[in-house]
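protein_23.cif, holding mmCIF, C-alpha atoms:
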data_input
#
loop_
_atom_site.label_atom_id
_atom_site.label_comp_id
_atom_site.auth_asym_id
_atom_site.auth_seq_id
_atom_site.Cartn_x
_atom_site.Cartn_y
_atom_site.Cartn_z
CA MET A 12 29.34 -7.97 -12.01
CA LYS A 13 26.87 -9.98 -14.07
CA ILE A 14 24.83 -12.13 -11.67
CA LEU A 15 22.15 -14.71 -12.46
CA GLN A 16 19.67 -15.73 -9.76
CA ILE A 17 18.01 -19.13 -10.33
CA ILE A 18 14.86 -20.14 -8.43
CA THR A 19 11.91 -22.48 -8.85
CA SER A 20 9.34 -19.68 -9.23
CA LEU A 21 8.57 -16.08 -8.31
CA LYS A 22 5.45 -16.84 -6.31
CA ILE A 23 5.07 -15.39 -2.81
CA GLY A 24 7.52 -16.95 -0.33
CA GLY A 25 10.62 -16.37 1.76
CA ALA A 26 13.19 -17.43 -0.86
CA GLU A 27 11.36 -15.45 -3.51
CA HIS A 28 11.36 -12.39 -1.25
CA VAL A 29 15.15 -12.66 -0.88
CA VAL A 30 15.66 -12.94 -4.64
CA VAL A 31 13.45 -9.94 -5.40
CA HIS A 32 15.26 -7.70 -2.93
CA LEU A 33 18.70 -8.93 -3.98
CA VAL A 34 17.94 -8.19 -7.61
CA LYS A 35 16.46 -4.75 -7.03
CA LEU A 36 19.10 -3.49 -4.62
CA LEU A 37 22.08 -5.02 -6.44
CA ARG A 38 20.88 -3.40 -9.66
CA GLN A 39 20.68 -0.09 -7.80
CA ARG A 40 24.33 -0.64 -6.83
CA GLY A 41 25.31 -0.93 -10.49
CA HIS A 42 25.38 -4.70 -11.04
CA GLU A 43 23.66 -6.49 -13.93
CA VAL A 44 21.34 -9.00 -12.26
CA ASP A 45 18.79 -11.24 -13.99
CA VAL A 46 16.63 -14.20 -12.95
CA ALA A 47 15.93 -17.68 -14.34
CA VAL A 48 12.74 -19.36 -13.07
CA PHE A 49 11.75 -22.99 -13.57
CA ASN A 50 8.02 -22.23 -13.30
CA GLY A 51 7.39 -19.20 -15.50
CA ASP A 52 3.86 -18.42 -14.31
CA GLU A 53 3.21 -14.67 -14.18
CA THR A 54 3.33 -13.25 -10.64
CA THR A 55 3.41 -9.90 -8.86
CA PHE A 56 7.07 -10.45 -7.97
CA MET A 57 7.88 -11.13 -11.63
CA HIS A 58 6.23 -7.91 -12.78
CA GLU A 59 8.01 -6.01 -10.01
CA LEU A 60 11.39 -7.22 -11.26
CA GLU A 61 10.62 -6.67 -14.92
CA ALA A 62 9.83 -3.03 -14.09
CA THR A 63 13.49 -2.60 -13.02
CA GLY A 64 14.79 -3.83 -16.39
CA CYS A 65 15.64 -7.27 -15.01
CA LYS A 66 15.54 -10.04 -17.63
CA ILE A 67 13.41 -13.06 -16.63
CA TYR A 68 14.27 -16.41 -18.25
CA LYS A 69 11.18 -18.66 -18.03
CA LEU A 70 12.29 -22.27 -18.43
CA GLY A 71 8.92 -24.04 -18.24
CA SER A 72 6.12 -24.86 -15.81
CA GLY A 73 7.49 -27.64 -13.59
CA PHE A 74 10.32 -28.00 -11.10
CA TYR A 75 12.18 -31.21 -12.10
CA ASP A 76 12.33 -31.17 -15.90
CA LEU A 77 15.75 -32.45 -17.02
CA ARG A 78 15.49 -30.34 -20.16
CA TYR A 79 16.21 -27.32 -17.95
CA ILE A 80 19.84 -28.40 -17.59
CA PRO A 81 20.99 -27.61 -21.18
CA ARG A 82 18.82 -24.47 -21.16
CA LEU A 83 20.50 -23.32 -17.95
CA ARG A 84 23.95 -24.07 -19.34
CA LYS A 85 23.31 -21.81 -22.32
CA ILE A 86 22.04 -18.97 -20.10
CA MET A 87 24.77 -19.35 -17.46
CA LYS A 88 27.53 -18.75 -20.05
CA GLU A 89 26.59 -15.06 -20.09
CA TYR A 90 27.12 -14.42 -16.34
CA ASP A 91 30.01 -14.15 -13.84
CA ILE A 92 28.16 -15.39 -10.74
CA ILE A 93 25.37 -17.99 -10.60
CA HIS A 94 23.27 -17.89 -7.40
CA THR A 95 20.72 -20.67 -6.86
CA HIS A 96 17.80 -21.06 -4.45
CA ASN A 97 15.75 -24.21 -3.64
CA SER A 98 16.57 -27.86 -4.29
CA SER A 99 16.07 -28.39 -8.02
CA PRO A 100 17.89 -25.20 -9.13
CA GLN A 101 20.76 -26.12 -6.79
CA LEU A 102 21.21 -29.52 -8.43
CA PHE A 103 20.49 -28.59 -12.04
CA ALA A 104 22.84 -25.58 -12.00
CA ALA A 105 25.62 -27.72 -10.49
CA ILE A 106 25.20 -30.24 -13.33
CA ALA A 107 24.96 -27.50 -15.98
CA ASN A 108 28.21 -26.00 -14.70
CA ILE A 109 30.29 -29.12 -15.37
CA ARG A 110 33.23 -27.99 -17.56
CA LEU A 111 31.64 -24.52 -17.72
CA GLY A 112 33.53 -23.24 -14.69
CA LYS A 113 31.24 -20.45 -13.50
CA LYS A 114 31.38 -19.28 -9.88
CA LEU A 115 28.46 -20.88 -8.01
CA VAL A 116 26.67 -19.60 -4.88
CA THR A 117 23.62 -21.18 -3.28
CA THR A 118 21.36 -20.26 -0.36
CA GLU A 119 19.83 -22.77 2.05
CA HIS A 120 16.52 -21.23 3.13
CA SER A 121 15.47 -23.66 5.89
CA THR A 122 16.74 -25.79 8.76
CA ASN A 123 14.79 -28.75 7.41
CA ASN A 124 14.46 -30.38 4.01
CA ARG A 125 12.42 -33.51 3.48
CA LYS A 126 14.94 -34.95 1.04
CA ARG A 127 17.45 -35.20 3.92
CA GLU A 128 15.26 -37.92 5.39
CA HIS A 129 16.02 -40.23 2.44
CA PRO A 130 19.49 -41.88 2.34
CA MET A 131 19.50 -41.92 -1.49
CA PHE A 132 19.85 -38.12 -1.56
CA SER A 133 22.87 -38.04 0.73
CA PHE A 134 25.38 -39.06 -1.95
CA ILE A 135 23.88 -36.66 -4.52
CA ASP A 136 23.90 -33.75 -2.08
CA ARG A 137 27.51 -34.34 -1.04
CA TRP A 138 28.50 -34.21 -4.70
CA MET A 139 26.34 -31.14 -5.32
CA TYR A 140 27.55 -28.97 -2.43
CA ARG A 141 31.17 -29.64 -3.39
CA ARG A 142 30.43 -27.98 -6.72
CA TYR A 143 29.55 -24.68 -4.99
CA ASP A 144 32.13 -22.00 -4.23
CA ARG A 145 29.95 -20.66 -1.40
CA THR A 146 26.90 -22.06 0.39
CA VAL A 147 24.97 -19.47 2.37
CA THR A 148 22.60 -20.43 5.18
CA ILE A 149 20.06 -17.95 6.55
CA SER A 150 20.67 -18.67 10.25
CA LYS A 151 23.33 -20.26 12.43
CA ILE A 152 21.04 -23.16 13.28
CA ALA A 153 20.49 -23.77 9.55
CA GLU A 154 24.28 -23.80 9.09
CA GLU A 155 24.70 -26.31 11.92
CA LYS A 156 21.95 -28.57 10.55
CA LEU A 157 23.44 -28.54 7.05
CA CYS A 158 26.94 -29.36 8.29
CA GLN A 159 25.52 -32.14 10.46
CA TYR A 160 23.62 -33.57 7.47
CA LEU A 161 26.74 -33.47 5.29
CA GLY A 162 28.88 -34.96 8.08
CA LEU A 163 31.30 -32.03 8.07
CA GLY A 164 33.73 -31.60 10.94
CA ALA A 165 35.15 -28.22 11.90
CA ASN A 166 38.25 -28.75 9.72
CA ALA A 167 36.57 -30.26 6.65
CA PRO A 168 37.56 -28.38 3.45
CA LEU A 169 33.94 -27.88 2.43
CA ARG A 170 33.14 -26.39 5.86
CA SER A 171 35.17 -23.26 5.04
CA ARG A 172 32.88 -22.52 2.09
CA ILE A 173 29.69 -22.45 4.22
CA LEU A 174 28.65 -19.21 5.91
CA THR A 175 25.57 -17.51 7.34
CA ILE A 176 23.88 -14.36 6.04
CA ASN A 177 20.67 -13.54 7.88
CA ASN A 178 17.64 -12.70 5.78
CA GLY A 179 16.56 -9.09 5.88
CA VAL A 180 13.54 -6.89 5.32
CA ASP A 181 12.96 -3.22 4.60
CA VAL A 182 12.32 -2.42 8.25
CA GLU A 183 11.28 1.21 7.80
CA SER A 184 8.68 0.42 5.14
CA PHE A 185 6.92 -1.89 7.63
CA PHE A 186 7.25 0.45 10.60
CA HIS A 187 5.85 3.46 8.71
CA ALA A 188 3.09 1.58 6.84
CA GLU A 189 -0.44 2.99 7.09
CA PRO A 190 -3.23 0.83 8.59
CA LEU A 191 -5.97 -0.23 6.17
CA ALA A 192 -9.32 1.47 6.75
CA GLN A 193 -11.19 -1.60 5.48
CA LEU A 194 -9.59 -3.67 8.26
CA ALA A 195 -10.64 -1.36 11.09
CA HIS A 196 -11.59 -3.48 14.09
CA GLU A 197 -12.85 -1.24 16.88
CA GLY A 198 -13.51 -3.27 20.01
CA LYS A 199 -11.52 -6.27 18.73
CA PHE A 200 -7.99 -7.31 19.73
CA VAL A 201 -6.46 -8.77 16.55
CA THR A 202 -3.60 -11.25 16.15
CA VAL A 203 -2.26 -11.71 12.59
CA MET A 204 -0.14 -14.50 11.10
CA VAL A 205 1.40 -14.25 7.62
CA ALA A 206 2.45 -17.66 6.29
CA GLY A 207 1.68 -20.20 3.60
CA PHE A 208 -0.77 -22.94 4.50
CA ARG A 209 1.84 -25.69 4.31
CA GLU A 210 3.47 -28.43 6.37
CA ALA A 211 6.07 -26.32 8.20
CA LYS A 212 3.51 -23.82 9.50
CA ASP A 213 1.28 -24.31 12.52
CA GLN A 214 -1.79 -22.12 12.10
CA ASP A 215 -3.70 -24.89 13.90
CA THR A 216 -2.35 -23.89 17.32
CA VAL A 217 -3.28 -20.24 16.79
CA ILE A 218 -6.81 -21.22 15.78
CA ARG A 219 -7.14 -23.38 18.89
CA ALA A 220 -5.85 -20.49 21.01
CA MET A 221 -8.62 -18.29 19.62
CA ALA A 222 -11.17 -20.83 20.80
CA LEU A 223 -9.84 -20.37 24.34
CA LEU A 224 -10.23 -16.58 24.27
CA PRO A 225 -13.35 -14.40 24.61
CA GLU A 226 -15.31 -12.93 21.71
CA GLU A 227 -13.33 -9.67 21.53
CA TYR A 228 -10.24 -11.55 20.28
CA GLU A 229 -9.84 -12.03 16.53
CA LEU A 230 -7.33 -13.77 14.22
CA TRP A 231 -6.32 -12.89 10.67
CA LEU A 232 -4.53 -15.53 8.59
CA VAL A 233 -2.73 -14.15 5.53
CA GLY A 234 -1.69 -16.76 2.97
CA ASP A 235 -2.97 -19.82 1.16
CA GLY A 236 -1.85 -23.32 0.24
CA VAL A 237 -2.48 -27.04 0.30
CA ARG A 238 -3.57 -27.14 3.95
CA ARG A 239 -6.39 -24.65 3.51
CA PRO A 240 -9.17 -27.31 3.62
CA GLU A 241 -7.76 -28.71 6.89
CA LEU A 242 -7.63 -25.25 8.45
CA GLU A 243 -11.16 -24.41 7.32
CA THR A 244 -12.38 -27.65 8.93
CA LEU A 245 -10.53 -26.83 12.16
CA ILE A 246 -12.05 -23.34 12.24
CA ARG A 247 -15.51 -24.88 12.01
CA THR A 248 -14.89 -27.58 14.63
CA GLN A 249 -13.45 -25.00 17.03
CA LYS A 250 -16.53 -22.81 16.38
CA VAL A 251 -14.51 -19.66 15.65
CA GLU A 252 -15.81 -18.90 12.15
CA SER A 253 -16.85 -15.39 13.18
CA ARG A 254 -13.44 -14.60 14.69
CA VAL A 255 -10.94 -16.08 12.22
CA LYS A 256 -10.57 -14.27 8.89
CA LEU A 257 -8.77 -15.87 5.95
CA LEU A 258 -7.37 -12.90 4.01
CA GLY A 259 -5.67 -14.91 1.24
CA ILE A 260 -2.40 -14.00 -0.48
CA ARG A 261 -1.85 -10.27 -0.19
CA ALA A 262 0.58 -7.71 -1.60
CA ASP A 263 -0.16 -5.22 1.21
CA VAL A 264 1.35 -7.17 4.11
CA PRO A 265 3.00 -4.11 5.76
CA GLN A 266 -0.38 -2.38 5.95
CA ILE A 267 -2.08 -5.52 7.27
CA LEU A 268 0.51 -5.94 10.03
CA LYS A 269 0.06 -2.28 10.96
CA SER A 270 -3.70 -2.78 11.14
CA ALA A 271 -3.48 -5.63 13.68
CA ASP A 272 -2.56 -5.48 17.37
CA VAL A 273 -0.18 -8.43 17.63
CA THR A 274 1.86 -10.38 15.06
CA ILE A 275 2.66 -14.08 15.37
CA MET A 276 4.54 -16.91 13.70
CA SER A 277 3.55 -20.39 14.79
CA SER A 278 5.66 -23.06 13.07
CA HIS A 279 6.94 -26.59 13.41
CA TRP A 280 10.34 -25.52 12.02
CA GLU A 281 11.93 -22.59 10.20
CA GLY A 282 15.16 -21.45 8.58
CA LEU A 283 14.97 -17.81 9.46
CA SER A 284 11.42 -16.57 9.04
CA LEU A 285 11.04 -13.33 7.12
CA SER A 286 7.56 -13.02 8.60
CA ASN A 287 9.26 -13.05 12.00
CA ILE A 288 11.37 -10.00 11.12
CA GLU A 289 8.50 -8.30 9.28
CA GLY A 290 6.28 -8.72 12.32
CA MET A 291 8.94 -7.21 14.57
CA SER A 292 9.41 -4.34 12.08
CA SER A 293 5.75 -3.34 12.30
CA GLY A 294 6.07 -1.78 15.75
CA LYS A 295 3.74 -4.38 17.25
CA PRO A 296 4.53 -7.15 19.76
CA PHE A 297 5.68 -10.37 18.12
CA ILE A 298 4.93 -13.89 19.41
CA ALA A 299 6.63 -17.05 18.09
CA SER A 300 6.65 -20.76 18.77
CA ASN A 301 9.84 -21.91 20.48
CA VAL A 302 11.37 -23.81 17.55
CA ASN A 303 14.61 -23.61 15.58
CA GLY A 304 14.71 -20.62 13.26
CA LEU A 305 12.28 -18.60 15.37
CA LYS A 306 13.73 -18.70 18.86
CA GLU A 307 17.14 -17.41 17.72
CA VAL A 308 15.60 -14.12 16.54
CA THR A 309 12.75 -13.79 19.03
CA ASP A 310 14.27 -14.82 22.36
CA GLY A 311 14.80 -11.82 24.62
CA TYR A 312 12.86 -9.48 22.34
CA GLY A 313 9.45 -10.87 21.42
CA VAL A 314 7.59 -13.58 23.33
CA LEU A 315 8.09 -17.33 22.83
CA PHE A 316 5.49 -20.00 23.59
CA PRO A 317 6.01 -23.79 23.77
CA HIS A 318 5.58 -25.50 20.41
CA ALA A 319 1.91 -26.35 19.67
CA ASP A 320 0.73 -25.18 23.13
CA ALA A 321 -2.53 -23.35 22.44
CA GLU A 322 -3.25 -22.70 26.10
CA ALA A 323 0.11 -20.98 26.68
CA LEU A 324 -0.35 -18.94 23.51
CA ALA A 325 -3.82 -17.81 24.57
CA GLY A 326 -2.37 -16.68 27.91
CA ILE A 327 0.31 -14.57 26.19
CA ILE A 328 -2.22 -12.90 23.88
CA ARG A 329 -4.46 -12.14 26.86
CA GLN A 330 -1.52 -10.65 28.82
CA LEU A 331 -0.63 -8.33 25.92
CA HIS A 332 -4.27 -7.24 25.78
CA ASP A 333 -4.58 -6.65 29.52
CA SER A 334 -1.29 -4.80 30.13
CA PRO A 335 -0.62 -1.72 27.95
CA ALA A 336 2.78 -1.23 29.61
CA TYR A 337 3.86 -4.81 28.83
CA TYR A 338 2.45 -4.49 25.30
CA GLN A 339 4.59 -1.40 24.60
CA GLU A 340 7.69 -2.88 26.20
CA VAL A 341 7.55 -5.94 23.93
CA ALA A 342 6.77 -3.83 20.85
CA ASP A 343 9.79 -1.57 21.48
CA ARG A 344 12.13 -4.53 21.98
CA CYS A 345 10.90 -6.15 18.77
CA TYR A 346 11.56 -3.05 16.68
CA LEU A 347 15.12 -2.77 18.02
CA ARG A 348 15.70 -6.42 17.13
CA ALA A 349 14.30 -5.95 13.62
CA MET A 350 16.83 -3.20 12.91
CA GLN A 351 19.57 -5.82 13.16
CA PHE A 352 18.07 -7.57 10.09
CA ASP A 353 17.65 -4.62 7.75
CA ILE A 354 17.62 -5.52 4.04
CA GLN A 355 20.57 -3.30 3.15
CA LYS A 356 22.80 -5.26 5.53
CA MET A 357 21.80 -8.55 3.89
CA VAL A 358 22.44 -7.27 0.37
CA GLY A 359 25.82 -5.82 1.35
CA GLU A 360 26.93 -9.18 2.74
CA TYR A 361 25.89 -11.01 -0.43
CA GLU A 362 27.72 -8.40 -2.51
CA GLN A 363 30.87 -9.13 -0.49
CA VAL A 364 30.47 -12.87 -1.20
CA TYR A 365 30.17 -12.24 -4.94
CA SER A 366 33.17 -9.87 -4.94
CA SER A 367 35.33 -12.40 -3.07
CA LEU A 368 34.82 -14.87 -5.94
#

Render the structure in this file as structure tokens.
Amino acid sequence: MKILQIITSLKIGGAEHVVVHLVKLLRQRGHEVDVAVFNGDETTFMHELEATGCKIYKLGSGFYDLRYIPRLRKIMKEYDIIHTHNSSPQLFAAIANIRLGKKLVTTEHSTNNRKREHPMFSFIDRWMYRRYDRTVTISKIAEEKLCQYLGLGANAPLRSRILTINNGVDVESFFHAEPLAQLAHEGKFVTVMVAGFREAKDQDTVIRAMALLPEEYELWLVGDGVRRPELETLIRTQKVESRVKLLGIRADVPQILKSADVTIMSSHWEGLSLSNIEGMSSGKPFIASNVNGLKEVTDGYGVLFPHADAEALAGIIRQLHDSPAYYQEVADRCYLRAMQFDIQKMVGEYEQVYSSL
């Protein structure tokens, strides 16, 4: 099959991660898979794909340029399956496909989308999703939220074209990663969170939890984004500058997770967090806030804490530090859970969707 993936950019993120792995593994399975990006800035992910022979169509530098629609239409003519990710590619590809007749697939990567809060988008979205042959959500809760937003009953025709495929990661590459010597932390008990500094994420609660713990506890935050100034201010006001390290955007996440003692994802909402599964894959205990998109994967395996409750979180981290037996029990459960979200399973399910069309 000839498959075109369309996404806003190839910067670091959950949707981008899915696209990169889909492209690489589908190409290994003999399919011709290329990518169109709205923002063509050079990135590590882009170079990684180009090394496989994947063609990258760079449409521009913004996300909502109407000139992308005729450009997409021209590119889409060469492919059997068009698979979109993120809001603007979803809409623009649907418009470009009018009277073109290509098979369309899209993936919803979150349980929440700010545009759903505005009534003006409701009509547009109902039109758009009807143009897709399959809409994939990355968790059951994301599927329920989408159907609720679109007002779809159990017997609605469009409902039969919506399904869930859980995101996946290369579990073994995380489990067998080598710790980084430069991040050695003898005498420190380190919690690490890998996430963009953006609205959905709640690094604030983890920072406040650090302030409630003694000096031997340390936090690493991997990522960057628009909320960085707010987080830097909070670190100062909580007086934990010496114990919270901002490691920036990194390409060696498996090694960083392996270097820490505990992995965490603190969020306000999620679709299905790849960092959740990556953390579980590392062989370390995983802690998550009890919100949609995290609790479904974590409950019964890792440890959940009430949303935005820094005191409860601090207590969990302390318990993992104080009880080696409990620490190992949680770590073992997390690894078993991660194996249910292996990347090969995800790619195989997408391949079945494409073949069915």

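In terms of minimum interatomic distance to A:Gly207, A:Ile260 ranks closest within A:Met139, A:Leu115, A:Thr148, A:Ile260, counting all atoms listed in the file.
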
Problem - Residue list as a PyMOL selection string for point (12.8, -5.5, 26.1), cut-off 7 Å, all atoms listed in the file - result: chain A and resi 311-312+340-341+343-344

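Here atom CA of A:Ile267 and atom CA of A:His196 stand 11.9 Å from one another.
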
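Atom pair atom CA of A:Ile86 / atom CA of A:Arg142 has a distance of 18.2 Å (rounded to one decimal).
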
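Nearest residue to A:Ser277, choosing from A:Ala319, A:Leu245, A:Val264, A:Ile135 and counting all atoms listed in the file: A:Ala319.
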
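From atom CA of A:Val147 back to atom CA of A:Asn166, the distance works out to 17.8 Å.
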
Handout entry: Selection as a list of chain:residue names: residues within 7 Å of (18.4, -26.7, 8.8), counting all atoms listed in the file
Key = A:Ser121, A:Thr122, A:Asn123, A:Ile152, A:Ala153, A:Glu154, A:Lys156, A:Leu157, A:Gly282

Can those selected residues be exported to a file as a PDB file, in the coordinates of the input so that it contains C-alpha atoms?
ATOM      1  CA  SER A 121      15.470 -23.660   5.890  1.00  0.00           C
ATOM      2  CA  THR A 122      16.740 -25.790   8.760  1.00  0.00           C
ATOM      3  CA  ASN A 123      14.790 -28.750   7.410  1.00  0.00           C
ATOM      4  CA  ILE A 152      21.040 -23.160  13.280  1.00  0.00           C
ATOM      5  CA  ALA A 153      20.490 -23.770   9.550  1.00  0.00           C
ATOM      6  CA  GLU A 154      24.280 -23.800   9.090  1.00  0.00           C
ATOM      7  CA  LYS A 156      21.950 -28.570  10.550  1.00  0.00           C
ATOM      8  CA  LEU A 157      23.440 -28.540   7.050  1.00  0.00           C
ATOM      9  CA  GLY A 282      15.160 -21.450   8.580  1.00  0.00           C
TER      10      GLY A 282
END

Exercise for the section: Would you kindly return, as an NGL selection string, each protein, DNA or RNA residue with an atom no farther than 6 Å from any atom of stretch 172-186 of chain A, considering only C-alpha atoms and excluding same-chain residues fewer than 4 positions away? Expected result: :A and (145-150 or 265 or 292-294 or 352-354 or 357)

Problem - Shell of 10 Å around A:Thr248, only C-alpha atoms, local chain residues under 5 positions omitted, as number ranges by chain - result: A: 219, 222, 242-243

Could the residues in this selection be written to a file with C-alpha atoms, as a JSON list (two decimals), in the frame of the given file?
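Now in result.json:
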[["chain", "number", "residue", "atom", "x", "y", "z"],
["A", 219, "ARG", "CA", -7.14, -23.38, 18.89],
["A", 222, "ALA", "CA", -11.17, -20.83, 20.80],
["A", 242, "LEU", "CA", -7.63, -25.25, 8.45],
["A", 243, "GLU", "CA", -11.16, -24.41, 7.32]]

Problem - A:Ile246 environment, 8 Å, only C-alpha atoms, sequence neighbours closer than 6 positions dropped, as a list of chain:residue names - result: A:Ile218, A:Glu252, A:Val255

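Within the file as shown, the PyMOL selection byres ((chain A and resi 230) around 6) identifies Val201, Thr202, Val203, Glu229, Trp231 and Val255 of chain A.
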
Handout entry: Nearest to A:Leu60, chosen from A:Lys295, A:Lys151, A:Lys35, A:His129, with only C-alpha atoms counted in the distances
Key = A:Lys35
